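So this block is structure.txt, compact mmCIF, C-alpha atoms:
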```txt
# COMPACT_ATOMS: atom_id res chain seq x y z
CA MET A 1 0.00 0.00 0.00
CA ASP A 2 1.32 3.46 -0.93
CA ILE A 3 2.22 5.74 1.96
CA GLN A 4 0.26 9.00 2.19
CA TYR A 5 3.02 11.38 3.21
CA ILE A 6 2.11 14.29 5.47
CA LYS A 7 2.86 17.74 4.02
CA CYS A 8 1.61 19.89 6.89
CA VAL A 9 1.13 19.34 10.63
CA ILE A 10 -1.49 21.53 12.34
CA TRP A 11 -0.94 22.07 16.06
CA ASP A 12 -3.20 22.98 18.93
CA LEU A 13 -1.61 25.41 21.41
CA ASP A 14 -2.94 24.93 24.97
CA ASN A 15 -1.51 21.80 26.62
CA THR A 16 -0.04 20.78 23.28
CA LEU A 17 2.49 23.22 21.86
CA TRP A 18 2.87 24.76 25.27
CA LYS A 19 2.21 23.58 28.79
CA GLY A 20 -0.83 25.24 30.30
CA ILE A 21 -3.78 27.31 29.10
CA LEU A 22 -2.87 30.80 27.93
CA LEU A 23 -6.22 32.40 28.85
CA GLU A 24 -5.68 31.21 32.45
CA ASP A 25 -1.93 31.73 32.78
CA SER A 26 0.15 34.02 30.55
CA SER A 27 3.38 32.36 31.74
CA VAL A 28 2.87 29.16 29.78
CA THR A 29 6.08 27.40 28.71
CA VAL A 30 6.82 25.62 25.46
CA ASN A 31 6.71 21.83 25.35
CA LYS A 32 10.32 21.08 24.41
CA LYS A 33 9.48 17.70 22.90
CA VAL A 34 6.94 19.35 20.63
CA LEU A 35 9.34 22.16 19.74
CA ASN A 36 12.03 19.65 18.78
CA THR A 37 9.45 17.88 16.62
CA ILE A 38 8.45 21.12 14.88
CA VAL A 39 12.07 22.02 14.14
CA GLU A 40 12.79 18.57 12.72
CA LEU A 41 9.62 18.54 10.59
CA ASP A 42 10.63 21.94 9.24
CA LYS A 43 14.05 20.53 8.23
CA ARG A 44 12.29 17.69 6.43
CA GLY A 45 10.22 20.13 4.39
CA ILE A 46 6.99 19.42 6.27
CA LEU A 47 5.05 22.60 7.00
CA ASN A 48 3.65 23.53 10.42
CA SER A 49 0.49 25.51 11.14
CA ILE A 50 -1.89 26.17 14.05
CA ALA A 51 -5.56 25.60 14.81
CA SER A 52 -6.25 26.92 18.29
CA ARG A 53 -9.14 28.38 20.28
CA ASN A 54 -7.45 31.50 21.62
CA ASN A 55 -7.29 35.24 21.29
CA TYR A 56 -5.12 35.79 18.23
CA ASP A 57 -3.14 38.79 19.48
CA ASP A 58 -2.30 37.20 22.83
CA ALA A 59 -1.38 33.83 21.33
CA TRP A 60 0.75 35.27 18.54
CA LYS A 61 2.54 37.55 21.02
CA LYS A 62 3.36 34.49 23.12
CA LEU A 63 4.66 32.60 20.08
CA GLU A 64 6.90 35.56 19.28
CA GLU A 65 8.12 35.73 22.89
CA LEU A 66 9.01 32.04 22.69
CA GLY A 67 10.90 32.69 19.44
CA ILE A 68 8.93 30.13 17.43
CA SER A 69 6.35 32.15 15.47
CA LYS A 70 8.52 31.87 12.32
CA TYR A 71 7.76 28.15 12.01
CA PHE A 72 4.03 28.54 11.28
CA VAL A 73 2.30 29.29 7.99
CA PHE A 74 -1.32 30.48 7.75
CA PRO A 75 -2.06 30.01 11.49
CA GLU A 76 -5.72 29.92 12.51
CA ILE A 77 -6.16 31.27 16.03
CA ASN A 78 -9.80 32.05 16.79
CA MET A 79 -12.82 30.81 18.74
CA GLY A 80 -14.39 28.90 15.86
CA ASN A 81 -14.49 25.19 15.07
CA LYS A 82 -11.09 23.70 14.39
CA SER A 83 -12.42 21.88 11.36
CA ASP A 84 -13.21 25.26 9.81
CA SER A 85 -9.69 26.43 10.62
CA ILE A 86 -8.20 23.35 8.97
CA LEU A 87 -10.31 23.83 5.85
CA ARG A 88 -9.03 27.41 5.54
CA ILE A 89 -5.43 26.29 6.00
CA SER A 90 -5.94 23.63 3.32
CA SER A 91 -7.35 26.25 0.95
CA ASN A 92 -4.57 28.75 1.65
CA LEU A 93 -1.84 26.16 1.09
CA ASN A 94 -3.67 24.56 -1.85
CA LEU A 95 -3.04 21.12 -0.32
CA SER A 96 -5.53 18.27 -0.08
CA LEU A 97 -6.85 17.31 3.34
CA ASP A 98 -5.27 13.86 3.24
CA SER A 99 -1.84 15.51 3.36
CA PHE A 100 -2.54 17.05 6.80
CA ALA A 101 -2.07 15.82 10.36
CA PHE A 102 -3.81 17.51 13.29
CA ILE A 103 -2.47 17.21 16.84
CA ASP A 104 -4.55 18.15 19.88
CA ASP A 105 -4.84 17.08 23.52
CA GLN A 106 -8.67 17.04 23.55
CA ASP A 107 -10.69 14.04 22.34
CA TYR A 108 -13.61 16.33 21.53
CA GLU A 109 -11.53 18.51 19.19
CA LEU A 110 -10.08 15.48 17.42
CA ALA A 111 -13.56 13.99 16.98
CA GLU A 112 -14.97 17.29 15.69
CA VAL A 113 -12.23 17.51 13.04
CA LEU A 114 -12.68 13.87 12.02
CA SER A 115 -16.42 14.35 11.62
CA VAL A 116 -15.90 17.14 9.08
CA CYS A 117 -12.49 16.25 7.63
CA PRO A 118 -12.14 12.45 7.81
CA GLU A 119 -9.13 12.56 5.47
CA VAL A 120 -7.02 14.37 8.08
CA LEU A 121 -4.69 12.21 10.21
CA CYS A 122 -5.71 13.07 13.80
CA ILE A 123 -3.25 12.38 16.60
CA LYS A 124 -3.78 12.84 20.32
CA MET A 125 -1.19 14.77 22.29
CA ASP A 126 -0.23 12.82 25.40
CA GLU A 127 2.85 11.69 27.31
CA LYS A 128 3.62 9.06 24.66
CA PHE A 129 3.38 11.54 21.79
CA SER A 130 5.83 10.89 18.95
CA VAL A 131 5.53 11.24 15.17
CA LEU A 132 9.07 11.62 13.87
CA ASP A 133 9.54 7.87 13.47
CA LYS A 134 6.23 7.32 11.67
CA GLN A 135 6.54 6.58 7.96
CA GLU A 136 4.06 9.30 6.99
CA PHE A 137 6.44 11.91 8.39
CA ILE A 138 9.66 10.64 6.78
CA PRO A 139 10.13 11.84 3.19
CA ARG A 140 12.13 9.49 0.97
CA PHE A 141 14.50 12.35 0.14
CA ILE A 142 15.20 15.67 1.83
CA THR A 143 16.29 18.08 -0.89
CA SER A 144 17.43 21.70 -0.98
CA ASP A 145 13.83 22.59 -1.87
CA SER A 146 12.65 20.71 1.23
CA HIS A 147 14.83 22.88 3.47
CA LYS A 148 13.37 26.03 1.89
CA ARG A 149 9.72 24.97 1.73
CA ARG A 150 8.48 27.10 4.63
CA GLU A 151 10.35 30.11 3.27
CA LEU A 152 8.77 29.54 -0.15
CA TYR A 153 5.29 29.65 1.36
CA GLN A 154 6.09 32.66 3.51
CA ASN A 155 7.31 34.49 0.41
CA GLU A 156 3.95 33.67 -1.15
CA ILE A 157 2.18 35.32 1.78
CA LYS A 158 4.28 38.46 1.16
CA ARG A 159 3.30 38.38 -2.51
CA ASN A 160 -0.37 38.18 -1.66
CA LEU A 161 -0.16 41.06 0.80
CA TYR A 162 1.64 43.12 -1.83
CA LYS A 163 -1.03 42.22 -4.39
CA GLN A 164 -3.86 43.29 -2.09
CA SER A 165 -2.27 46.61 -1.19
CA ARG A 166 -0.57 47.68 -4.42
CA CYS A 167 -2.10 46.06 -7.51
CA LYS A 168 -5.41 46.93 -9.14
CA ASN A 169 -5.80 43.68 -11.08
CA GLU A 170 -4.20 40.28 -11.71
CA LEU A 171 -2.31 41.29 -14.84
CA ALA A 172 -0.78 44.33 -13.15
CA PHE A 173 0.30 42.10 -10.28
CA LEU A 174 1.91 39.53 -12.59
CA ARG A 175 3.74 42.23 -14.55
CA SER A 176 5.11 43.70 -11.33
CA LEU A 177 6.65 40.42 -10.17
CA ASN A 178 9.48 40.23 -12.75
CA LEU A 179 8.89 36.52 -13.20
CA LYS A 180 11.73 34.43 -14.60
CA ILE A 181 11.49 30.80 -15.65
CA GLY A 182 14.37 28.50 -16.50
CA ILE A 183 13.89 25.25 -18.42
CA LYS A 184 16.84 22.89 -18.69
CA ARG A 185 17.73 19.24 -18.98
CA ALA A 186 17.80 17.54 -15.60
CA THR A 187 21.08 16.38 -14.11
CA VAL A 188 21.76 13.77 -11.44
CA ASP A 189 21.64 16.56 -8.84
CA ASP A 190 18.00 17.24 -9.78
CA LEU A 191 16.72 13.68 -9.56
CA LYS A 192 15.82 13.57 -5.87
CA ARG A 193 13.71 16.69 -6.30
CA ILE A 194 12.10 15.25 -9.44
CA GLU A 195 11.08 12.09 -7.61
CA GLU A 196 9.74 14.25 -4.78
CA LEU A 197 7.67 16.29 -7.25
CA THR A 198 6.13 13.18 -8.82
CA ILE A 199 5.13 12.01 -5.33
CA ARG A 200 3.86 15.37 -4.03
CA THR A 201 2.16 16.85 -7.13
CA HIS A 202 -1.35 15.60 -7.95
CA GLN A 203 -3.53 18.34 -9.44
CA MET A 204 -1.31 19.46 -12.32
CA ASN A 205 0.08 16.01 -13.09
CA SER A 206 -0.69 14.50 -16.49
CA THR A 207 -0.57 10.82 -15.51
CA GLY A 208 -0.07 10.45 -11.76
CA ILE A 209 2.84 8.08 -12.43
CA THR A 210 5.61 8.13 -9.83
CA TYR A 211 9.15 7.66 -11.07
CA SER A 212 11.86 6.43 -8.74
CA TYR A 213 15.31 7.91 -8.45
CA GLU A 214 16.69 4.77 -10.10
CA ASP A 215 14.27 5.04 -13.05
CA LEU A 216 15.17 8.68 -13.56
CA CYS A 217 18.91 7.93 -13.48
CA LYS A 218 18.45 5.54 -16.38
CA MET A 219 16.32 8.04 -18.31
CA ILE A 220 18.72 10.98 -18.19
CA GLU A 221 21.45 8.71 -19.57
CA ASN A 222 19.21 7.33 -22.32
CA PRO A 223 19.08 9.34 -25.59
CA GLN A 224 15.52 8.11 -26.09
CA TYR A 225 14.37 10.40 -23.26
CA ILE A 226 14.49 14.10 -22.51
CA VAL A 227 13.97 14.96 -18.83
CA LEU A 228 13.32 18.65 -18.24
CA ILE A 229 13.30 20.50 -14.91
CA THR A 230 11.70 23.92 -14.49
CA GLU A 231 12.71 26.59 -11.97
CA MET A 232 11.13 29.96 -11.24
CA SER A 233 11.95 33.17 -9.38
CA ASP A 234 10.59 36.69 -9.02
CA SER A 235 11.23 39.91 -7.12
CA PHE A 236 10.29 38.25 -3.81
CA GLY A 237 12.65 35.31 -4.17
CA GLU A 238 12.90 31.81 -5.57
CA TYR A 239 10.08 29.33 -6.05
CA GLY A 240 12.61 26.51 -6.42
CA LYS A 241 12.27 23.60 -8.82
CA ILE A 242 8.58 23.63 -9.67
CA GLY A 243 8.05 21.44 -12.75
CA VAL A 244 9.04 18.23 -14.52
CA THR A 245 8.49 17.18 -18.12
CA LEU A 246 9.49 13.73 -19.38
CA ILE A 247 9.61 13.28 -23.16
CA GLU A 248 10.10 10.01 -25.00
CA VAL A 249 11.97 10.51 -28.29
CA LYS A 250 10.99 8.33 -31.21
CA GLU A 251 11.59 8.66 -34.94
CA SER A 252 9.85 11.87 -36.05
CA LYS A 253 7.82 12.14 -32.84
CA TYR A 254 8.02 13.39 -29.26
CA ILE A 255 5.69 11.84 -26.68
CA ILE A 256 5.25 13.71 -23.39
CA LYS A 257 5.05 10.81 -20.93
CA LEU A 258 4.73 13.05 -17.89
CA HIS A 259 4.15 16.74 -17.39
CA LEU A 260 3.59 18.25 -13.96
CA MET A 261 3.74 21.64 -12.33
CA SER A 262 3.68 22.48 -8.63
CA CYS A 263 0.31 23.74 -7.43
CA ARG A 264 2.12 26.66 -5.75
CA VAL A 265 2.72 28.39 -9.08
CA ILE A 266 -0.48 27.72 -11.02
CA SER A 267 -1.95 31.08 -10.00
CA ARG A 268 0.97 32.73 -11.79
CA GLY A 269 -0.39 31.57 -15.14
CA VAL A 270 2.78 29.63 -15.95
CA GLY A 271 1.39 26.09 -16.09
CA ASN A 272 1.60 25.89 -19.89
CA ILE A 273 4.95 27.60 -20.43
CA VAL A 274 6.94 24.38 -20.68
CA LEU A 275 4.38 22.93 -23.11
CA ILE A 276 4.66 26.11 -25.20
CA ASP A 277 8.43 25.77 -25.11
CA VAL A 278 8.28 22.19 -26.40
CA MET A 279 5.78 23.22 -29.07
CA LYS A 280 8.12 25.98 -30.24
CA ARG A 281 10.96 23.47 -30.52
CA ILE A 282 9.10 21.25 -33.00
CA GLN A 283 7.07 23.95 -34.78
CA ASN A 284 9.26 24.16 -37.91
CA SER A 285 10.35 20.53 -38.00
CA ASP A 286 8.95 17.22 -39.14
CA ILE A 287 8.51 16.11 -35.54
CA SER A 288 4.97 15.39 -34.32
CA LEU A 289 4.11 16.04 -30.68
CA TYR A 290 1.94 13.73 -28.56
CA ALA A 291 1.13 13.59 -24.86
CA ASP A 292 -0.10 10.89 -22.51
CA TYR A 293 -2.91 11.72 -20.13
CA GLN A 294 -4.20 9.33 -17.48
CA LYS A 295 -7.21 10.49 -15.48
CA THR A 296 -6.82 10.43 -11.71
CA GLU A 297 -9.00 11.68 -8.87
CA ARG A 298 -7.36 15.12 -8.93
CA ASN A 299 -5.86 15.98 -12.31
CA LYS A 300 -8.83 17.15 -14.38
CA ASN A 301 -7.15 20.57 -14.73
CA MET A 302 -4.28 18.94 -16.58
CA TYR A 303 -6.73 17.50 -19.13
CA LEU A 304 -8.20 20.97 -19.65
CA ALA A 305 -4.72 22.49 -19.98
CA TYR A 306 -3.86 20.16 -22.84
CA LYS A 307 -7.16 20.85 -24.60
CA LEU A 308 -6.95 24.62 -24.27
CA ILE A 309 -3.40 24.88 -25.53
CA GLY A 310 -3.99 23.03 -28.77
CA PHE A 311 -3.87 19.28 -28.17
CA ARG A 312 -6.59 17.07 -29.63
CA GLU A 313 -7.66 13.61 -28.55
CA LYS A 314 -6.17 11.08 -30.96
CA ARG A 315 -7.01 7.92 -29.06
CA THR A 316 -8.83 7.06 -25.85
CA ASN A 317 -8.99 3.88 -23.80
CA GLY A 318 -11.05 4.17 -20.64
CA SER A 319 -9.37 6.83 -18.48
CA TYR A 320 -6.35 7.06 -20.81
CA VAL A 321 -6.08 9.69 -23.56
CA LEU A 322 -3.36 10.08 -26.18
CA PHE A 323 -3.25 13.73 -27.22
CA GLU A 324 -1.78 15.07 -30.47
CA TYR A 325 -0.66 18.67 -30.86
CA ASP A 326 -2.23 20.63 -33.70
CA LYS A 327 0.71 22.55 -35.22
CA SER A 328 -1.60 25.10 -36.78
CA ILE A 329 -2.17 26.50 -33.27
CA ILE A 330 0.75 28.70 -32.29
CA HIS A 331 1.32 30.19 -28.85
CA ASP A 332 3.88 32.53 -27.35
CA TYR A 333 5.04 32.91 -23.78
CA PRO A 334 3.01 35.25 -21.56
CA SER A 335 4.30 38.81 -21.86
CA TYR A 336 4.98 39.10 -18.13
CA VAL A 337 7.48 36.20 -17.98
CA VAL A 338 11.11 35.99 -19.07
CA VAL A 339 11.82 32.42 -20.20
CA VAL A 340 15.33 31.00 -20.46
CA SER A 341 15.18 27.69 -22.32
CA ASP A 342 18.43 25.76 -22.41
CA TRP A 343 17.93 22.20 -23.56
```

Let me see the structure of the file written as C-alpha cells.
Amino acid sequence: MDIQYIKCVIWDLDNTLWKGILLEDSSVTVNKKVLNTIVELDKRGILNSIASRNNYDDAWKKLEELGISKYFVFPEINMGNKSDSILRISSNLNLSLDSFAFIDDQDYELAEVLSVCPEVLCIKMDEKFSVLDKQEFIPRFITSDSHKRRELYQNEIKRNLYKQSRCKNELAFLRSLNLKIGIKRATVDDLKRIEELTIRTHQMNSTGITYSYEDLCKMIENPQYIVLITEMSDSFGEYGKIGVTLIEVKESKYIIKLHLMSCRVISRGVGNIVLIDVMKRIQNSDISLYADYQKTERNKNMYLAYKLIGFREKRTNGSYVLFEYDKSIIHDYPSYVVVVSDW
C-alpha cells in the first residue's frame, strides 16, 4: 500500500504546543518535545500551522516571545471550530486534506475535526506523543527545496499582501513580479527533487505516475528520453524547482510521458509555459508532438490544460487519452514572464 506522506502538521496550542492554558496563565512554557518535533519537521520540508481556540493577538505575542512564530504558515487562532480552521489552511496552502495531520490534547476537538475532515490524520497529544519515526512523516528524500519549503510559502504570503495593497488587477500584479522561468535538462543533482515532485504533485500532473530515483537515473542517460526540470523566481525570491516534463523521443515524434507543475505556481499563469516551449521546438520541424494523459481523482485541470493549448484527442482507452498537438495553433510565452530555455 502506498504511503500518504504528510505535508503539513497543524498544532493545537494549549496543553499541546505549550504547557498550560494561555487564557488562564500568561506564563505558559513551550513543550520542548513538541518544539524539537516542529524544528525537525521543518528541516524535512513538512510545513507547520496552528488551529487553536485562543485570542489571536495574545497567542501570537506568546509565540513571538518564545521565538517560534517563524515556524508557522497560515495560522488559525480564533474561537471557531477547528475543522473550519483546517479547511481554511488547506485552501490557503492549496493542499488536499489527506496531506494534513492535526495534533490536539482534547478528544472532543479530534472527533470534531474527524467528523468534518475524515481525510485528516488526527493524533492525540499525550505523554507518549511521537511522530518523527512514523513513515508518513519521513520523506524518501530531503532536498534543498525541502529545506526552503516554509520560506517559499512565507514568500507567497508576502506576494499576496503586496497584491492586495498595491495592484489593481491580476495582470498588473503579474507584470510587477518580474517573473523568470528557466527550463533545462535535468542532471543527477535534480533527480531527488524530481522524484519528490512526482510524489507530491497531484492536481497538475498528467498521468499520476511516480518515477523512482533509479528510473530517472536511467532516463537521463538514455538518448531516447528528454527529462526537463523547471525553476522559477521573481522579485520576492525563488520558487525553487517547480516542474518536470518527461519526453520520450521516437523517430519523427516526441511523446510527453509526464508533465507536472507544482500547485504553488499555477496562480501565476505559468502552467503551460513548458508545453509552449516544447511546441516551439518542434514547430518548424517534421517532428509530431503527442502527450499521454491518465485520469486520476485530482488531475482534471491537466486534461483541460492540454485541450486549451492546442492538443486534440487522438485515441482514448477508458481513463487514458493520447493527445496530439495541432501545429496550426501557435502560442507565445506570456508577456509578463522571461523564459530562459536551455535544452

Under the rule of at most 12 Å, produce a per-residue listing of range 118-144 of chain A near range 21-31 of chain A: chain, number, name, the closest pair of atoms, and the distance in Å, as CSV, using all atoms listed in the file.
```
residue,atom,partner,partner_atom,distance
A:Met125,CA,A:Asn31,CA,11.0
A:Asp126,CA,A:Asn31,CA,11.4
A:Glu127,CA,A:Asn31,CA,11.0
A:Phe129,CA,A:Asn31,CA,11.4
```

Return as JSON lines the residues of range 199-292 of chain A lying at most 10 Å from range 90-103 of chain A, together with the closest atom-to-atom pair for each and the distance in Å to one decimal, counting all atoms listed in the file, with rows in chain order and ascending residue number.
```
{"residue": "A:Arg200", "atom": "CA", "partner": "A:Ser99", "partner_atom": "CA", "distance": 9.3}
{"residue": "A:Thr201", "atom": "CA", "partner": "A:Leu95", "partner_atom": "CA", "distance": 9.6}
{"residue": "A:His202", "atom": "CA", "partner": "A:Ser96", "partner_atom": "CA", "distance": 9.3}
{"residue": "A:Gln203", "atom": "CA", "partner": "A:Leu95", "partner_atom": "CA", "distance": 9.5}
{"residue": "A:Cys263", "atom": "CA", "partner": "A:Asn94", "partner_atom": "CA", "distance": 6.9}
{"residue": "A:Arg264", "atom": "CA", "partner": "A:Asn94", "partner_atom": "CA", "distance": 7.3}
```

Subject >> Closest of A:Val39, A:Leu121, A:Val34, A:Leu260 to Leu275 in chain A - atom-to-atom distances counting all atoms listed in the file >> reply: A:Leu260

Subject >> Neighbour residues at most 12 Å from (1.5, 10.5, -9.4) (all atoms listed in the file) as a PyMOL selection string >> reply: chain A and resi 2+4+194-212+244+258-261+293-299

Original post:
Using all atoms listed in the file, which of A:Ile123, A:Ile276, A:Leu152, A:Leu13 sits nearest Asp58 in chain A?
Top reply: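 Nearest to Asp58 in chain A: A:Leu13.
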
Subject >> Proximity to Ile287 in chain A - best of A:Ile255, A:Ile273, A:Leu17, A:Val337, only C-alpha atoms >> reply: A:Ile255

**OP:** Using all atoms listed in the file, pick whichever of A:Glu324, A:Asp292, A:Glu214, A:Glu170 has the shortest atom-to-atom distance to Leu191 in chain A.
**Re:**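 Closest candidate: A:Glu214.
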
Which residues, written as a compact mmCIF listing (two decimals) with C-alpha atoms, keeping the file's coordinate frame, have at least one atom at most 10 Å from Asn81 in chain A, with only C-alpha atoms counted and residues fewer than 5 positions away on the same chain left out?
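The resulting file, around_23.txt, is shown below:
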```txt
# COMPACT_ATOMS: atom_id res chain seq x y z
CA ALA A 51 -5.56 25.60 14.81
CA SER A 52 -6.25 26.92 18.29
CA ARG A 53 -9.14 28.38 20.28
CA ILE A 86 -8.20 23.35 8.97
CA GLU A 109 -11.53 18.51 19.19
CA GLU A 112 -14.97 17.29 15.69
CA VAL A 113 -12.23 17.51 13.04
```

**OP:** Between A:Asp105, A:Cys122, A:Tyr162, A:Arg315, single out the one closest to Asn15 in chain A, counting all atoms listed in the file.
**Re:** A:Asp105

Subject >> Non-local contacts of Asn160 in chain A (12 Å; all atoms listed in the file; under 6 positions in same chain excluded) as a ChimeraX atom specification >> reply: /A:92,153-154,166-167,170,173-174,177,236,267-268
